[in-house]
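Structure file entry-v5.cif with mmCIF, C-alpha atoms:
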data_upload
loop_
_atom_site.label_atom_id
_atom_site.label_comp_id
_atom_site.auth_asym_id
_atom_site.auth_seq_id
_atom_site.Cartn_x
_atom_site.Cartn_y
_atom_site.Cartn_z
CA MET A 9 -156.36 5.13 173.36
CA THR A 10 -153.61 2.52 173.45
CA LEU A 11 -150.91 1.49 171.01
CA GLY A 12 -152.43 -1.94 170.45
CA CYS A 13 -151.24 -4.39 167.82
CA GLY A 14 -151.60 -2.97 164.33
CA HIS A 15 -152.41 -4.78 161.11
CA PRO A 16 -149.75 -4.07 158.46
CA ARG A 17 -150.47 -3.44 154.79
CA ALA A 18 -148.05 -2.62 151.99
CA PHE A 19 -148.47 -1.09 148.54
CA ILE A 20 -146.34 -0.44 145.49
CA GLN A 21 -147.06 2.96 143.97
CA SER A 22 -145.59 5.37 141.46
CA VAL A 23 -143.05 7.95 142.62
CA GLY A 24 -144.91 10.82 144.28
CA GLY A 25 -147.65 8.56 145.58
CA THR A 26 -150.23 9.69 143.02
CA ASN A 27 -150.81 6.25 141.52
CA PRO A 28 -151.20 3.25 143.86
CA ILE A 29 -150.43 0.26 141.66
CA THR A 30 -150.99 -2.84 143.76
CA GLU A 31 -151.33 -4.13 147.32
CA LEU A 32 -148.85 -6.79 148.36
CA ALA A 33 -149.44 -9.96 150.34
CA VAL A 34 -146.66 -9.76 152.90
CA SER A 35 -145.27 -12.11 155.53
CA ASN A 36 -143.04 -9.52 157.20
CA VAL A 37 -143.07 -5.70 157.29
CA SER A 38 -140.51 -3.49 159.00
CA TRP A 39 -140.14 0.28 159.03
CA GLY A 40 -138.88 3.08 161.21
CA ARG A 41 -138.50 6.78 161.89
CA ARG A 42 -135.27 8.59 162.69
CA LEU A 43 -134.12 11.92 164.10
CA ASP A 44 -131.57 13.74 161.89
CA GLU A 45 -131.23 10.73 159.59
CA LEU A 46 -133.13 8.70 157.02
CA SER A 47 -135.00 5.51 157.91
CA ASP A 48 -135.53 2.15 156.22
CA GLY A 49 -138.61 0.20 155.25
CA ARG A 50 -138.80 -3.38 154.03
CA VAL A 51 -141.35 -6.01 153.10
CA VAL A 52 -140.93 -9.73 152.57
CA LEU A 53 -143.57 -11.16 150.28
CA GLY A 54 -145.68 -14.16 151.12
CA GLU A 55 -145.66 -17.25 148.94
CA THR A 56 -148.98 -16.35 147.30
CA GLN A 57 -149.58 -13.13 145.39
CA ASP A 58 -152.56 -11.96 143.40
CA ALA A 59 -152.03 -12.59 139.71
CA ALA A 60 -152.64 -8.91 138.94
CA CYS A 61 -149.54 -7.84 140.87
CA LEU A 62 -147.11 -10.33 139.29
CA PRO A 63 -146.23 -8.03 136.34
CA VAL A 64 -145.54 -5.23 138.82
CA LEU A 65 -143.22 -7.43 140.87
CA ALA A 66 -141.40 -8.47 137.70
CA SER A 67 -140.79 -4.85 136.70
CA LEU A 68 -140.00 -3.09 139.97
CA THR A 69 -137.79 -0.07 139.27
CA PRO A 70 -135.74 1.64 141.98
CA PHE A 71 -136.66 5.31 142.51
CA SER A 72 -139.52 5.05 139.98
CA HIS A 73 -141.56 2.95 142.40
CA GLU A 74 -142.34 3.63 146.04
CA LEU A 75 -143.12 1.31 148.91
CA ALA A 76 -145.97 2.59 151.10
CA ILE A 77 -146.59 0.93 154.47
CA TRP A 78 -149.87 1.25 156.33
CA ARG A 79 -150.82 0.33 159.90
CA ASP A 80 -154.54 -0.38 160.03
CA SER A 81 -156.17 2.60 158.23
CA GLU A 82 -153.17 4.96 158.48
CA GLU A 83 -150.20 5.35 156.17
CA VAL A 84 -147.15 5.37 158.45
CA TRP A 85 -144.16 5.20 156.11
CA VAL A 86 -143.29 5.78 152.45
CA GLY A 87 -140.13 5.90 150.37
CA PRO A 88 -138.46 4.91 147.10
CA VAL A 89 -137.72 1.26 146.41
CA SER A 90 -133.96 0.79 146.64
CA GLU A 91 -132.62 -2.70 145.82
CA PRO A 92 -135.25 -5.43 145.27
CA ILE A 93 -133.87 -8.87 146.09
CA TYR A 94 -135.21 -11.76 144.00
CA THR A 95 -134.58 -15.29 145.26
CA LEU A 96 -135.91 -18.73 144.44
CA GLY A 97 -138.12 -18.38 147.49
CA GLY A 98 -139.67 -15.04 146.64
CA LEU A 99 -138.94 -11.32 146.82
CA THR A 100 -137.76 -8.85 149.45
CA ILE A 101 -138.41 -5.17 148.74
CA PRO A 102 -136.23 -2.74 150.71
CA ALA A 103 -136.77 1.01 150.57
CA ARG A 104 -135.62 4.21 152.26
CA ASP A 105 -137.72 7.16 153.35
CA LEU A 106 -138.01 10.26 151.18
CA PHE A 107 -134.86 11.83 152.59
CA GLN A 108 -133.07 9.35 150.33
CA TRP A 109 -133.78 11.71 147.45
CA PHE A 110 -131.41 14.27 148.98
CA GLU A 111 -128.65 11.67 148.91
CA ARG A 112 -129.08 11.76 145.14
CA ARG A 113 -129.63 15.49 144.59
CA LEU A 114 -126.92 18.13 144.25
CA LEU A 115 -127.32 21.78 145.20
CA PRO A 116 -127.55 23.49 141.78
CA PHE A 117 -127.37 27.19 142.69
CA ASP A 118 -124.82 29.55 144.17
CA ARG A 119 -126.13 30.54 147.59
CA VAL A 120 -124.83 32.78 150.35
CA PHE A 121 -126.67 32.88 153.68
CA THR A 122 -125.52 35.45 156.25
CA ASP A 123 -126.89 35.21 159.81
CA VAL A 124 -129.90 33.18 158.68
CA ASP A 125 -131.86 30.76 160.87
CA LEU A 126 -130.62 27.21 160.23
CA SER A 127 -134.17 25.96 159.56
CA VAL A 128 -134.53 28.50 156.75
CA ILE A 129 -131.20 27.44 155.25
CA ALA A 130 -132.19 23.76 155.37
CA ALA A 131 -135.54 24.48 153.73
CA ALA A 132 -133.76 26.42 150.97
CA TYR A 133 -131.50 23.42 150.37
CA ILE A 134 -134.60 21.23 150.05
CA ASP A 135 -136.22 23.63 147.57
CA ASP A 136 -133.04 23.91 145.52
CA ALA A 137 -132.52 20.16 145.42
CA LEU A 138 -136.09 19.66 144.16
CA SER A 139 -136.06 22.60 141.74
CA ARG A 140 -135.40 20.53 138.62
CA ASP A 141 -137.76 17.71 139.57
CA ASN A 142 -140.19 17.37 142.45
CA THR A 143 -141.97 14.27 141.28
CA PRO A 144 -141.25 12.79 144.76
CA ALA A 145 -143.77 15.38 146.07
CA ILE A 146 -141.85 16.18 149.25
CA ALA A 147 -143.20 18.91 151.53
CA THR A 148 -141.50 20.71 154.41
CA ASP A 149 -142.63 21.95 157.82
CA VAL A 150 -140.28 24.78 158.79
CA ASN A 151 -140.11 25.83 162.44
CA LEU A 152 -137.42 28.37 163.28
CA CYS A 153 -134.71 26.80 165.44
CA GLY A 154 -133.44 30.09 166.89
CA ILE A 155 -129.83 29.51 165.81
CA THR A 156 -128.47 31.59 162.96
CA GLY A 157 -125.46 30.91 160.80
CA THR A 158 -123.52 31.85 157.70
CA ARG A 159 -123.24 29.32 154.89
CA SER A 160 -122.07 29.44 151.28
CA VAL A 161 -122.69 26.92 148.51
CA ALA A 162 -121.29 27.08 144.97
CA SER A 163 -123.02 25.13 142.22
CA THR A 164 -119.61 24.06 140.90
CA ALA A 165 -118.81 22.39 144.24
CA PHE A 166 -121.43 19.68 143.48
CA ARG A 167 -122.45 19.31 147.11
CA ARG A 168 -125.12 16.80 148.06
CA ALA A 169 -128.14 18.29 149.76
CA ALA A 170 -128.20 15.51 152.38
CA ASP A 171 -124.64 16.24 153.51
CA GLU A 172 -125.32 19.95 153.99
CA ILE A 173 -128.55 19.32 155.90
CA ARG A 174 -126.80 16.85 158.20
CA GLU A 175 -124.15 19.46 158.98
CA LEU A 176 -126.88 21.89 160.03
CA ALA A 177 -128.34 19.12 162.23
CA ARG A 178 -124.99 18.75 163.98
CA THR A 179 -124.93 22.50 164.63
CA GLY A 180 -128.32 22.99 166.29
CA LEU A 181 -131.09 22.05 163.85
CA ASP A 182 -133.24 18.92 164.09
CA PHE A 183 -135.19 17.21 161.34
CA THR A 184 -137.27 14.10 160.88
CA VAL A 185 -139.30 12.58 158.05
CA VAL A 186 -142.92 11.55 158.57
CA ARG A 187 -144.54 10.17 155.42
CA ARG A 188 -144.12 12.92 152.77
CA ARG A 189 -143.02 15.70 155.13
CA VAL A 190 -139.58 16.74 156.25
CA ILE A 191 -140.03 18.51 159.60
CA PHE A 192 -137.40 21.09 160.64
CA GLY A 193 -137.09 22.67 164.05
CA GLY A 194 -134.78 23.54 166.91
CA ILE A 195 -132.73 21.06 168.86
CA GLU A 196 -136.09 19.97 170.28
CA ILE A 197 -138.74 19.59 167.57
CA ALA A 198 -142.11 20.91 168.75
CA VAL A 199 -144.14 17.68 169.00
CA PRO A 200 -146.37 16.45 171.85
CA ASN A 201 -144.73 14.73 174.82
CA LEU A 202 -145.02 10.96 175.21
CA PRO A 203 -146.30 9.27 178.39
CA THR A 204 -143.81 8.43 181.13
CA LEU A 205 -141.92 5.26 180.21
CA THR A 206 -142.54 3.18 183.29
CA ALA A 207 -142.13 -0.60 183.42
CA ASP A 208 -145.84 -1.25 182.82
CA ILE A 209 -145.72 0.24 179.28
CA PHE A 210 -142.03 0.07 178.29
CA GLU A 211 -139.88 -3.06 178.50
CA VAL A 212 -136.23 -2.01 178.71
CA GLY A 213 -133.75 -3.77 176.46
CA GLU A 214 -130.60 -1.83 177.29
CA VAL A 215 -129.49 1.27 179.15
CA ARG A 216 -126.03 2.40 178.03
CA LEU A 217 -123.87 5.07 179.60
CA ALA A 218 -121.74 6.19 176.63
CA GLY A 219 -118.52 7.22 178.35
CA LEU A 220 -116.43 7.12 175.17
CA GLU A 221 -118.59 9.89 173.70
CA MET A 222 -118.07 12.17 176.69
CA GLY A 223 -116.33 15.54 176.40
CA ASN A 224 -116.50 18.44 178.85
CA GLU A 225 -114.50 20.78 176.61
CA ILE A 226 -115.72 20.83 173.03
CA THR A 227 -114.02 22.56 170.08
CA VAL A 228 -115.65 22.78 166.65
CA PHE A 229 -113.56 23.98 163.72
CA GLY A 230 -115.13 25.65 160.69
CA SER A 231 -113.61 27.02 157.49
CA PRO A 232 -112.23 30.59 157.39
CA PRO A 233 -113.04 32.86 154.42
CA GLU A 234 -110.74 32.73 151.43
CA GLY A 235 -107.44 34.46 152.14
CA VAL A 236 -107.85 34.28 155.92
CA THR A 237 -105.37 32.08 157.75
CA THR A 238 -106.78 32.44 161.27
CA PRO A 239 -108.95 29.37 162.01
CA ILE A 240 -112.64 29.73 162.82
CA TYR A 241 -113.57 27.68 165.86
CA GLY A 242 -116.05 27.65 168.67
CA GLN A 243 -115.54 26.27 172.16
CA ALA A 244 -117.74 25.31 175.07
CA GLY A 245 -116.98 23.95 178.52
CA GLY A 246 -113.47 23.55 179.85
CA VAL A 247 -114.38 24.29 183.47
CA ASP A 248 -114.98 20.75 184.78
CA VAL A 249 -112.39 18.27 185.98
CA PRO A 250 -111.16 15.78 185.10
CA LEU A 251 -110.80 17.49 181.71
CA VAL A 252 -112.07 15.42 178.75
CA GLN A 253 -111.63 17.16 175.37
CA GLN A 254 -113.34 16.49 172.05
CA THR A 255 -112.73 18.19 168.68
CA TYR A 256 -114.85 18.24 165.53
CA SER A 257 -114.34 19.55 162.01
CA GLU A 258 -117.26 21.10 160.12
CA PRO A 259 -115.98 22.60 156.85
CA SER A 260 -119.42 24.00 155.94
CA ILE A 261 -119.40 26.32 158.97
CA LEU A 262 -118.15 29.77 157.91
CA ASP A 263 -118.82 31.90 160.99
CA LEU A 264 -117.88 32.05 164.66
CA ALA A 265 -121.49 32.07 165.86
CA SER A 266 -122.31 28.76 164.15
CA ALA A 267 -119.09 27.16 165.37
CA THR A 268 -119.91 28.27 168.91
CA SER A 269 -123.48 27.00 168.65
CA ALA A 270 -122.21 23.65 167.39
CA ALA A 271 -119.81 23.42 170.34
CA GLU A 272 -122.51 24.38 172.85
CA THR A 273 -124.94 21.83 171.40
CA ARG A 274 -122.43 19.04 171.80
CA TYR A 275 -121.38 20.22 175.25
CA ALA A 276 -124.99 20.15 176.46
CA LEU A 277 -125.05 16.42 175.82
CA LEU A 278 -121.48 15.31 176.28
CA ARG A 279 -120.33 17.17 179.42
CA SER A 280 -121.24 13.98 181.26
CA ALA A 281 -121.51 10.50 179.78
CA PRO A 282 -124.78 10.51 177.75
CA LEU A 283 -127.45 7.94 178.50
CA TYR A 284 -129.06 5.86 175.73
CA VAL A 285 -132.14 3.72 176.35
CA THR A 286 -133.64 1.11 174.02
CA GLY A 287 -136.68 -1.03 174.64
CA ARG A 288 -140.06 -2.32 173.51
CA LEU A 289 -143.22 -0.24 173.80
CA LEU A 290 -146.02 -2.48 175.04
CA GLU A 291 -149.46 -2.71 173.46
CA SER A 292 -151.00 -1.17 176.59
CA ALA A 293 -149.04 2.08 176.16
CA PRO A 294 -151.47 5.05 176.09
CA VAL A 295 -150.13 6.44 172.82
CA SER A 296 -150.92 6.21 169.11
CA MET A 297 -148.46 5.51 166.33
CA ALA A 298 -149.05 9.06 165.08
CA ASP A 299 -147.56 10.34 168.36
CA LEU A 300 -144.28 8.47 167.88
CA ILE A 301 -142.42 11.27 166.10
CA PRO A 302 -138.66 11.54 166.63
CA GLY A 303 -137.93 14.57 168.78
CA ALA A 304 -140.79 13.88 171.20
CA HIS A 305 -139.93 14.05 174.91
CA ALA A 306 -140.67 11.41 177.52
CA LYS A 307 -139.79 10.82 181.15
CA PHE A 308 -137.95 7.54 181.71
CA VAL A 309 -138.64 6.35 185.23
CA GLN A 310 -137.50 2.81 186.02
CA GLN A 311 -135.21 0.69 188.14
CA VAL A 312 -132.84 -1.17 185.80
CA GLY A 313 -130.39 -3.54 187.41
CA PHE A 314 -128.39 -1.72 190.06
CA ARG A 315 -129.51 1.78 189.09
CA SER A 316 -132.65 3.87 189.36
CA PHE A 317 -133.44 6.28 186.53
CA ASP A 318 -135.61 9.38 186.45
CA GLU A 319 -134.60 11.24 183.28
CA THR A 320 -136.28 13.43 180.70
CA MET A 321 -135.25 12.08 177.31
CA ARG A 322 -136.22 12.44 173.68
CA LEU A 323 -137.17 9.91 171.06
CA VAL A 324 -134.58 9.46 168.32
CA ALA A 325 -135.69 6.23 166.62
CA VAL A 326 -138.79 4.11 166.15
CA ASP A 327 -138.45 0.58 164.74
CA VAL A 328 -141.53 -1.47 163.91
CA ASP A 329 -141.51 -5.11 162.87
CA ALA A 330 -144.74 -6.94 161.98
CA THR A 331 -145.04 -10.60 160.98
CA ALA A 332 -148.00 -12.55 159.66
CA SER A 333 -148.16 -16.35 159.88
CA ASP A 334 -150.67 -19.17 160.24
CA ASP A 335 -150.56 -18.52 163.98
CA GLY A 336 -151.65 -14.89 163.54
CA GLU A 337 -150.00 -11.48 163.47
CA THR A 338 -147.37 -10.09 165.80
CA GLU A 339 -146.00 -6.56 166.00
CA THR A 340 -142.99 -5.22 167.90
CA VAL A 341 -142.49 -1.48 168.40
CA ARG A 342 -139.04 -0.52 169.66
CA LEU A 343 -137.94 2.94 170.80
CA THR A 344 -134.51 4.46 171.18
CA MET A 345 -134.22 7.39 173.58
CA GLN A 346 -131.32 9.74 174.24
CA PRO A 347 -130.75 12.85 176.40
CA LEU A 348 -132.09 16.26 175.40
CA GLY A 349 -129.71 18.21 173.21
CA ALA A 350 -128.11 15.08 171.83
CA VAL A 351 -125.85 15.13 168.77
CA GLU A 352 -123.55 12.65 167.10
CA GLY A 353 -120.75 11.57 169.39
CA GLY A 354 -117.04 12.13 168.88
CA GLY A 355 -114.23 9.70 168.34
#

Take the structure I supplied and represent it as structure tokens, if you would.
Amino acid sequence: MTLGCGHPRAFIQSVGGTNPITELAVSNVSWGRRLDELSDGRVVLGETQDAACLPVLASLTPFSHELAIWRDSEEVWVGPVSEPIYTLGGLTIPARDLFQWFERRLLPFDRVFTDVDLSVIAAAYIDDALSRDNTPAIATDVNLCGITGTRSVASTAFRRAADEIRELARTGLDFTVVRRRVIFGGIEIAVPNLPTLTADIFEVGEVRLAGLEMGNEITVFGSPPEGVTTPIYGQAGGVDVPLVQQTYSEPSILDLASATSAAETRYALLRSAPLYVTGRLLESAPVSMADLIPGAHAKFVQQVGFRSFDETMRLVAVDVDATASDDGETETVRLTMQPLGAVEGGG
């Protein structure tokens, strides 16, 4: 089994994926996968389209239509059409994966979670956000992350589901979207490891040592209960020199344990300057596209410039770009790797 060079296909379908409407003739297809964030998909149409699909292209409706991208015989990406761009030369159809729905869904119920696993809280947010309408047909895979917390949501606060889930991801939860599934898990999602990224299967683009994100004493501030003036905060580190401090504010955190977990998660990454690696996965790589799930671990073993690297990292982004022309088809698969335990950096 090798990655190979896949043949891209693209379809327009009704929301929920129950009604494929038409296949598109495309000149360029791009799509991705992300850890703790949504991803984008996009197709650029070729000059010639089947007459049967012209009415569909003339009536594309954001959120009511989905873009589905296939690689050979496997669907690899799907999401709602966002902002079709019509030009004299044709049509570009951008879309975002199904997590986009949680950018447009509020949490409609009063909820109080006390010492509940963060994966369970996130799944409840998903269920609540879809309670009035689940035509997008989104499913969840819930794996306990082992970190508990206290959270409270009031329906009158009109909080977006996406914002609350991202906060949980900054505290110790991970999530990714693969086709119609949102996968929740601990700071390391339980997916198979990738092969070692040596020079014969992975062409490095950049290795960055992110010193401006570093912090060896981390403080995360939450929100105290009503009527309490003493701040809730968690801290980690503070024993290394030279001392480099970072602070974060997370208003959704209501308990000391969550604030401490959030601080420890950041400290695990940021106590020394985190390493970020980007590069192109070669066709000879002994891996399938189905294995490229954000959260997967891989050893990165290469000499890059003046430095030798032997690090265990995890996959945080996949970016695929495929182009068809008279000269044939080309496909580029790019990976972004970061250290284990990584979170968003500070200022």

Which residues come within 9 Å of A:Ile191, counting all atoms listed in the file, excluding same-chain residues fewer than 5 positions away, as a count of residues only? 11

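Relative to atom CA of A:Ile301, atom CA of A:Leu115 is found at 27.8 Å.
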
Compare A:Ser160, A:Ser266, A:Thr179, A:Ser22 by their minimum atom-to-atom distance to A:Asp44, counting only C-alpha atoms, and give me the closest one. A:Thr179

Skip A:Ile20 itself and residues of its chain fewer than 4 positions away, then list as a PyMOL selection string all residues within 8 Å of it, counting only C-alpha atoms. chain A and resi 28-32+73-76

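Once the PyMOL selection byres ((chain A and resi 336) around 12) is applied to the shown structure, the selection contains Cys13, Gly14, His15, Ser35, Asn36, Ala330, Thr331, Ala332, Ser333, Asp334, Asp335, Glu337, Thr338 and Glu339 of chain A.
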
Using the chain letters and numbers from the file, which residues does the PyMOL selection byres ((chain A and resi 300) around 10) grab, as a PyMOL selection string? chain A and resi 41+186+199-202+295-299+301-305+323-326+343

Expected selection from the PyMOL selection byres ((chain A and resi 122) around 8), given as a PyMOL selection string: chain A and resi 120-121+123-124+157-159

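Put simply, atom CA of A:Gly180 is 27.0 Å away from atom CA of A:Val84.
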
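Nearest to A:Ala165 of all the residues A:Gly193, A:Pro116, A:Pro144, A:Gly49 is A:Pro116, counting all atoms listed in the file.
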
Of the listed residues A:Asn27, A:Thr320, A:Thr100, A:Thr255, that which approaches A:Gly54 most closely, counting only C-alpha atoms: A:Thr100

So that I can see what lies close to A:Ser269, please list as an MDAnalysis selection string the residues with an atom at most 12 Å from it, counting only C-alpha atoms and leaving out residues fewer than 2 positions away in the same chain. chainID A and resid 126 153:158 176:181 194:195 226:230 241:244 261 263:267 271:276 349

Generate a file of the selected residues that holds C-alpha atoms, formatted as a PDB file, in the coordinates of the input.
ATOM      1  CA  LEU A 126    -130.620  27.210 160.230  1.00  0.00           C
ATOM      2  CA  CYS A 153    -134.710  26.800 165.440  1.00  0.00           C
ATOM      3  CA  GLY A 154    -133.440  30.090 166.890  1.00  0.00           C
ATOM      4  CA  ILE A 155    -129.830  29.510 165.810  1.00  0.00           C
ATOM      5  CA  THR A 156    -128.470  31.590 162.960  1.00  0.00           C
ATOM      6  CA  GLY A 157    -125.460  30.910 160.800  1.00  0.00           C
ATOM      7  CA  THR A 158    -123.520  31.850 157.700  1.00  0.00           C
ATOM      8  CA  LEU A 176    -126.880  21.890 160.030  1.00  0.00           C
ATOM      9  CA  ALA A 177    -128.340  19.120 162.230  1.00  0.00           C
ATOM     10  CA  ARG A 178    -124.990  18.750 163.980  1.00  0.00           C
ATOM     11  CA  THR A 179    -124.930  22.500 164.630  1.00  0.00           C
ATOM     12  CA  GLY A 180    -128.320  22.990 166.290  1.00  0.00           C
ATOM     13  CA  LEU A 181    -131.090  22.050 163.850  1.00  0.00           C
ATOM     14  CA  GLY A 194    -134.780  23.540 166.910  1.00  0.00           C
ATOM     15  CA  ILE A 195    -132.730  21.060 168.860  1.00  0.00           C
ATOM     16  CA  ILE A 226    -115.720  20.830 173.030  1.00  0.00           C
ATOM     17  CA  THR A 227    -114.020  22.560 170.080  1.00  0.00           C
ATOM     18  CA  VAL A 228    -115.650  22.780 166.650  1.00  0.00           C
ATOM     19  CA  PHE A 229    -113.560  23.980 163.720  1.00  0.00           C
ATOM     20  CA  GLY A 230    -115.130  25.650 160.690  1.00  0.00           C
ATOM     21  CA  TYR A 241    -113.570  27.680 165.860  1.00  0.00           C
ATOM     22  CA  GLY A 242    -116.050  27.650 168.670  1.00  0.00           C
ATOM     23  CA  GLN A 243    -115.540  26.270 172.160  1.00  0.00           C
ATOM     24  CA  ALA A 244    -117.740  25.310 175.070  1.00  0.00           C
ATOM     25  CA  ILE A 261    -119.400  26.320 158.970  1.00  0.00           C
ATOM     26  CA  ASP A 263    -118.820  31.900 160.990  1.00  0.00           C
ATOM     27  CA  LEU A 264    -117.880  32.050 164.660  1.00  0.00           C
ATOM     28  CA  ALA A 265    -121.490  32.070 165.860  1.00  0.00           C
ATOM     29  CA  SER A 266    -122.310  28.760 164.150  1.00  0.00           C
ATOM     30  CA  ALA A 267    -119.090  27.160 165.370  1.00  0.00           C
ATOM     31  CA  ALA A 271    -119.810  23.420 170.340  1.00  0.00           C
ATOM     32  CA  GLU A 272    -122.510  24.380 172.850  1.00  0.00           C
ATOM     33  CA  THR A 273    -124.940  21.830 171.400  1.00  0.00           C
ATOM     34  CA  ARG A 274    -122.430  19.040 171.800  1.00  0.00           C
ATOM     35  CA  TYR A 275    -121.380  20.220 175.250  1.00  0.00           C
ATOM     36  CA  ALA A 276    -124.990  20.150 176.460  1.00  0.00           C
ATOM     37  CA  GLY A 349    -129.710  18.210 173.210  1.00  0.00           C
TER      38      GLY A 349
END

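In this model, the gap between atom CA of A:Asp327 and atom CA of A:Arg279 comes to 28.6 Å.
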
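Distances here use only C-alpha atoms; by that measure, the residue among A:Phe107, A:Ser67, A:Leu220, A:Thr204 closest to A:Lys307 is A:Thr204.
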